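For reference, the structure discussed in these notes is given below.
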Amino acid sequence: MHYIKWPVLFVLILLSFLPAQTIVTGIQVQPAKNSLLRQLLKKTPLKINQTFNPAQVAATISYFEKKLQAEGYLLARVDSVTRSEPKPNSIEIIFWISPGHQAVIRNLRLTADKIDSLRYRSVSFLKTGQVYNEKQISQQLLDFLHLAADSGYALAQAEIASLAILPGAGQPEVNLHLHIREGEKIRLNHLFLIGNKYTRPAFIQRELRFRSGEIYERREWERFKSRLEKTAVFKTVQGPELIPLNPNTADVLFRLEEGSAASFDGVVGYIPPPTASEDGYLTGLIDVNFNNLFGTGRKFGIFWQKPDKFSEQFRMSYTEPWLMDWPLDVSGSLQRIVRDTTFIEWRNQLQFSFHLNEFLSLQLAGNFRSIIPDSAASAEDHLLRTRTTELQTGLLYDTRNYRPNPNQGILYETRYQAGVKQNLGPEYLLREDSLASNSALHSLLMRFEWYVPVLPRQVISLVLTGSQVRGAVLQKTDFFWFGGARSLRGFREDQFFGSTMAWANLEYRFLTGKNSRLFVFTDGGYFVHPGLEDFLYSYGGGLRIDSPLGILGVDFGLAAGDSFSEGKIHFGLISQF
């Protein structure tokens, strides 16, 4: 199908006798009105303003015929090549081409060695009467190979077994025969890892749930790649790559680039003076996490926050992954909360997370809380010393593609808690308020995140959060608290509390890098506590910049009705080391 006719060869011989420094000053195709030929002309091996080389003319003839045939012009040919010399040491070349008509598929035949051809037809988009196109056929063969690999035939081969151009006038037709050679199912022998200088192979093997002798299935292993990426241990994961050992056995290889083993997240906020006689003040947050202790995936974190002048939070946590080689993570935490100097709250939690797959986890936890009120708060606000024991169950579903800066995916989390609160005194409050020594508490927490790409590098982010607590007698220490940088921007940290609360964060993001973005937002909130029910709104904008020090974040929020000078500024820095 690819050839050079004698007239063309004769022209090439003549052209070879031109002076060595002859410059190509023009290249044309005929028929000149053919849009496909004009498009192909832009990328020919023969170039304008370059020294003429006869071999480039032959390469250009082959280029035109191959490209036209790939588009379905199977009978296309270059009839002749003519030249002119508008001035000394220059040459203009014209290619006279007969594209003919695009061929259509008259008969399509699919055959395979192992898998029923009907399964291949279920993923086939090639149809009879369709224009023959090499790019589409290559994609179709690739889809067939994916189906075979998903069924365990990782080294299958797919090819055009035969292509027959049918004789006849007018538009040419072809009989196309595609054949798939599946070979043998591939069993995996060894797992090889490249790039894990710190992380232990046993941790990676557990995350992949690799077992020697298992059958390789492409789709399943691509999901395992996602699982490795979500451990937050690796910066990049490439693979899997198969290394064939024989027709039915292969090793598997992953190329890894480890990320930083620890991260630092810091936020600083400035709260303007509420009145002329008062001063503004700073709020702050420090969150330090070690995500890969000893290369085993163990995690240790310390969290500190000062939401206002008189409040403070401190939390310390530890996670042991894959307890006894089961997909079970065990974590414990200790937390101390000071609220407006009116009471101190201690929280202890022991949690078990069972990973059903890389997206879905089931959770079971035991919570223990103690409330120690200030004596003045007991007298004025009737706050009791309490001890609460709770059992918590939960569900976590996470398909976000990149947690620090996702552009698609969802997160859904729900937790239900049931417990018993012991009222420990003071005794006079128990008598005055006629309170029982024990009371039941029930609470529900839900969170939903949705990331939707709308245009290239533009994403809509929607976050919905809600919680509710119920009990016979609720007090301030039982309520949920929210407001500030991580919930309702434009308001003070933990400014609001109530038995029922909900808020929504809507952002339009412009992604400027893997970890960077610009965005505008609007937040809305709702809460209920005894004697008060209110709706809250805010709006603003912010940015995240991936700097040498880490991811720098700045948010500026205005509550509905606030002047510009009353806006809240939140600064953050997430640094990895």
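Naming scheme: A, B, ... for chains in displayed order of the structure tokens; residues 1 onward per chain; ligands 1 onward as shown.
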
Note to self: as a ChimeraX atom specification, please: the residues near region 432-443 of chain A (cut-off 9 Å, only C-alpha atoms, same-chain neighbours under 4 positions excluded).
What the structure shows: /A:382,388,390,415-425,427-428,467-474,478

Pull N, CA and C atoms from the residues just selected and write them as an mmCIF file, in the first residue's frame.
```
data_model
loop_
_atom_site.group_PDB
_atom_site.id
_atom_site.type_symbol
_atom_site.label_atom_id
_atom_site.label_comp_id
_atom_site.auth_asym_id
_atom_site.auth_seq_id
_atom_site.Cartn_x
_atom_site.Cartn_y
_atom_site.Cartn_z
ATOM 1 N N HIS A 382 -25.419 26.945 86.919
ATOM 2 C CA HIS A 382 -25.896 25.625 87.323
ATOM 3 C C HIS A 382 -25.163 24.501 86.566
ATOM 4 N N THR A 388 -19.257 11.063 81.728
ATOM 5 C CA THR A 388 -20.082 10.458 80.673
ATOM 6 C C THR A 388 -19.319 9.322 80.002
ATOM 7 N N GLU A 390 -19.684 6.791 76.684
ATOM 8 C CA GLU A 390 -20.446 6.684 75.436
ATOM 9 C C GLU A 390 -19.881 5.589 74.547
ATOM 10 N N ARG A 415 -21.650 9.462 62.393
ATOM 11 C CA ARG A 415 -21.325 8.858 63.681
ATOM 12 C C ARG A 415 -22.524 8.994 64.616
ATOM 13 N N TYR A 416 -22.823 7.914 65.291
ATOM 14 C CA TYR A 416 -23.913 7.931 66.272
ATOM 15 C C TYR A 416 -23.350 7.528 67.625
ATOM 16 N N GLN A 417 -23.708 8.283 68.668
ATOM 17 C CA GLN A 417 -23.211 8.029 70.009
ATOM 18 C C GLN A 417 -24.380 7.859 70.981
ATOM 19 N N ALA A 418 -24.259 6.890 71.862
ATOM 20 C CA ALA A 418 -25.241 6.684 72.934
ATOM 21 C C ALA A 418 -24.469 6.465 74.222
ATOM 22 N N GLY A 419 -24.893 7.134 75.277
ATOM 23 C CA GLY A 419 -24.139 7.024 76.515
ATOM 24 C C GLY A 419 -24.962 7.363 77.739
ATOM 25 N N VAL A 420 -24.295 7.236 78.867
ATOM 26 C CA VAL A 420 -24.896 7.531 80.169
ATOM 27 C C VAL A 420 -24.059 8.614 80.843
ATOM 28 N N LYS A 421 -24.746 9.666 81.296
ATOM 29 C CA LYS A 421 -24.075 10.769 81.995
ATOM 30 C C LYS A 421 -24.381 10.665 83.483
ATOM 31 N N GLN A 422 -23.319 10.640 84.287
ATOM 32 C CA GLN A 422 -23.459 10.626 85.736
ATOM 33 C C GLN A 422 -23.340 12.058 86.266
ATOM 34 N N ASN A 423 -24.351 12.525 86.964
ATOM 35 C CA ASN A 423 -24.334 13.856 87.575
ATOM 36 C C ASN A 423 -23.730 13.737 88.971
ATOM 37 N N LEU A 424 -22.533 14.303 89.179
ATOM 38 C CA LEU A 424 -21.769 14.092 90.404
ATOM 39 C C LEU A 424 -21.909 15.224 91.419
ATOM 40 N N GLY A 425 -22.561 16.285 91.061
ATOM 41 C CA GLY A 425 -22.725 17.379 92.020
ATOM 42 C C GLY A 425 -22.337 18.716 91.425
ATOM 43 N N GLU A 427 -24.022 18.811 95.354
ATOM 44 C CA GLU A 427 -25.252 18.228 95.847
ATOM 45 C C GLU A 427 -26.412 19.216 95.867
ATOM 46 N N TYR A 428 -26.094 20.493 96.200
ATOM 47 C CA TYR A 428 -27.197 21.457 96.295
ATOM 48 C C TYR A 428 -27.856 21.686 94.939
ATOM 49 N N SER A 467 -25.002 18.241 63.373
ATOM 50 C CA SER A 467 -24.952 17.407 64.568
ATOM 51 C C SER A 467 -26.109 17.767 65.484
ATOM 52 N N GLN A 468 -26.491 16.812 66.317
ATOM 53 C CA GLN A 468 -27.578 17.025 67.258
ATOM 54 C C GLN A 468 -27.346 16.137 68.474
ATOM 55 N N VAL A 469 -27.643 16.675 69.673
ATOM 56 C CA VAL A 469 -27.553 15.915 70.905
ATOM 57 C C VAL A 469 -28.899 15.987 71.615
ATOM 58 N N ARG A 470 -29.298 14.866 72.207
ATOM 59 C CA ARG A 470 -30.561 14.800 72.930
ATOM 60 C C ARG A 470 -30.336 14.156 74.288
ATOM 61 N N GLY A 471 -31.102 14.640 75.266
ATOM 62 C CA GLY A 471 -31.024 14.097 76.608
ATOM 63 C C GLY A 471 -32.110 14.698 77.471
ATOM 64 N N ALA A 472 -32.376 14.063 78.610
ATOM 65 C CA ALA A 472 -33.428 14.558 79.498
ATOM 66 C C ALA A 472 -33.121 15.957 79.993
ATOM 67 N N VAL A 473 -31.897 16.178 80.437
ATOM 68 C CA VAL A 473 -31.459 17.493 80.916
ATOM 69 C C VAL A 473 -30.110 17.797 80.282
ATOM 70 N N LEU A 474 -30.078 18.805 79.416
ATOM 71 C CA LEU A 474 -28.846 19.198 78.747
ATOM 72 C C LEU A 474 -28.315 20.482 79.375
ATOM 73 N N ASP A 478 -22.753 19.878 77.349
ATOM 74 C CA ASP A 478 -23.176 18.811 76.435
ATOM 75 C C ASP A 478 -23.298 19.283 74.991
#
```

Closest-contact table, region 465-488 of chain A side, partner region 262-274 of chain A, 12 Å, counting only C-alpha atoms, as CSV:
```
residue,atom,partner,partner_atom,distance
A:Gly484,CA,A:Gly269,CA,9.0
A:Ala485,CA,A:Gly269,CA,8.3
A:Arg486,CA,A:Val267,CA,10.1
```

Would you mind exporting the chosen residues as a PDB file, in the first residue's frame, restricted to C-alpha atoms?
```pdb
ATOM      1  CA  GLY A 484     -14.191  30.183  62.784  1.00  0.00           C
ATOM      2  CA  ALA A 485     -11.609  29.041  60.237  1.00  0.00           C
ATOM      3  CA  ARG A 486     -12.666  25.376  59.997  1.00  0.00           C
TER       4      ARG A 486
END
```

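Between Ala376 (chain A) and the candidates A:Ser499, A:Thr341, A:Asn405, A:Arg77, the tightest atom-to-atom separation, counting only C-alpha atoms, involves A:Thr341.
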
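Atom pair CA of Gln50 (chain A) / CA of Ser98 (chain A): separated by 26.8 Å.
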
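With CA of Phe482 (chain A) on one side and CA of Val520 (chain A) on the other, the separation reads 20.8 Å.
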
Next item on the list: Write down as an NGL selection string the residues of region 508-577 of chain A whose backbone DSSP state falls under strand (DSSP E).
Entry: :A and (508-511 or 517-529 or 532-547 or 550-559 or 568-576)

Kindly assemble as a tab-separated table a list of the region 449-510 of chain A residues that lie within 8 Å of region 407-412 of chain A, each paired with its nearest atom pair and their distance in Å to one decimal, using only C-alpha atoms, sorted first by chain and then by ascending residue number.
```
residue	atom	partner	partner_atom	distance
A:Glu449	CA	A:Leu411	CA	4.9
A:Trp450	CA	A:Ile410	CA	4.6
A:Tyr451	CA	A:Gln408	CA	4.6
A:Val452	CA	A:Gln408	CA	5.3
A:Pro453	CA	A:Asn407	CA	6.0
A:Arg457	CA	A:Asn407	CA	7.9
A:Gln458	CA	A:Asn407	CA	7.9
A:Val459	CA	A:Asn407	CA	6.0
```

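For the pair CA of Phe210 (chain A) and CA of His190 (chain A), the separation is 9.0 Å.
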
Next item on the list: Find the spatial neighbours of Asn248 (chain A), counting only C-alpha atoms, within a cut-off of 6 Å - ignore same-chain residues fewer than 6 positions away - and output them as a PyMOL selection string.
Entry: chain A and resi 184-186

Item checked: Asn175 (chain A) environment, 7 Å, only C-alpha atoms, sequence neighbours closer than 4 positions dropped, as a ChimeraX atom specification -> /A:105-108,163-165

Would you save the residues of that selection, restricted to C-alpha atoms, as a tab-separated table (two decimals), in the first residue's frame?
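Okay, this is what ended up in again-v3.tsv:
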```tsv
chain	number	residue	atom	x	y	z
A	105	ILE	CA	-16.52	-1.17	7.51
A	106	ARG	CA	-18.79	-3.62	5.70
A	107	ASN	CA	-18.16	-6.67	7.89
A	108	LEU	CA	-16.66	-6.77	11.39
A	163	LEU	CA	-8.07	-6.30	6.47
A	164	ALA	CA	-9.55	-6.88	3.01
A	165	ILE	CA	-10.50	-3.99	0.71
```

Notebook entry, point to check: Quick one: residues within 9 Å of Pro99 (chain A), only C-alpha atoms counted, chain neighbours fewer than 2 positions away excluded, as number ranges by chain?
Noted result: A: 37, 65, 68-69, 73-78, 97, 101-102

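Checking A:Val174, A:Leu532, A:Ile93, A:Leu488 one by one against Val57 (chain A), counting only C-alpha atoms, you find the shortest gap at A:Ile93.
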
Checklist line | Counting only C-alpha atoms, the option among A:Asp374, A:Glu85, A:Glu71, A:Glu241 closest to Leu188 (chain A) | finding: A:Glu241

Margin query: Which residues are near region 290-307 of chain A? Cut-off 6 Å, only C-alpha atoms, ignore same chain within fewer than 5 positions. Put them as a PyMOL selection string.
Written below: chain A and resi 198-200+203+261-262+283-285+312-320+493

Checklist line | Residue list (helix (DSSP H, G or I), DSSP) for region 342-459 of chain A, as a ChimeraX atom specification | finding: /A:375-381,427-432

Could you make a table, as a tab-separated table, of the residues of region 414-492 of chain A that have an atom within 9 Å of an atom of region 536-545 of chain A, each with its nearest atom pair and distance in Å to one decimal, counting only C-alpha atoms, in chain and number order?
```
residue	atom	partner	partner_atom	distance
A:Leu488	CA	A:Ser538	CA	7.5
A:Arg489	CA	A:Ser538	CA	6.6
A:Gly490	CA	A:Ser538	CA	5.8
A:Phe491	CA	A:Ser538	CA	8.1
```
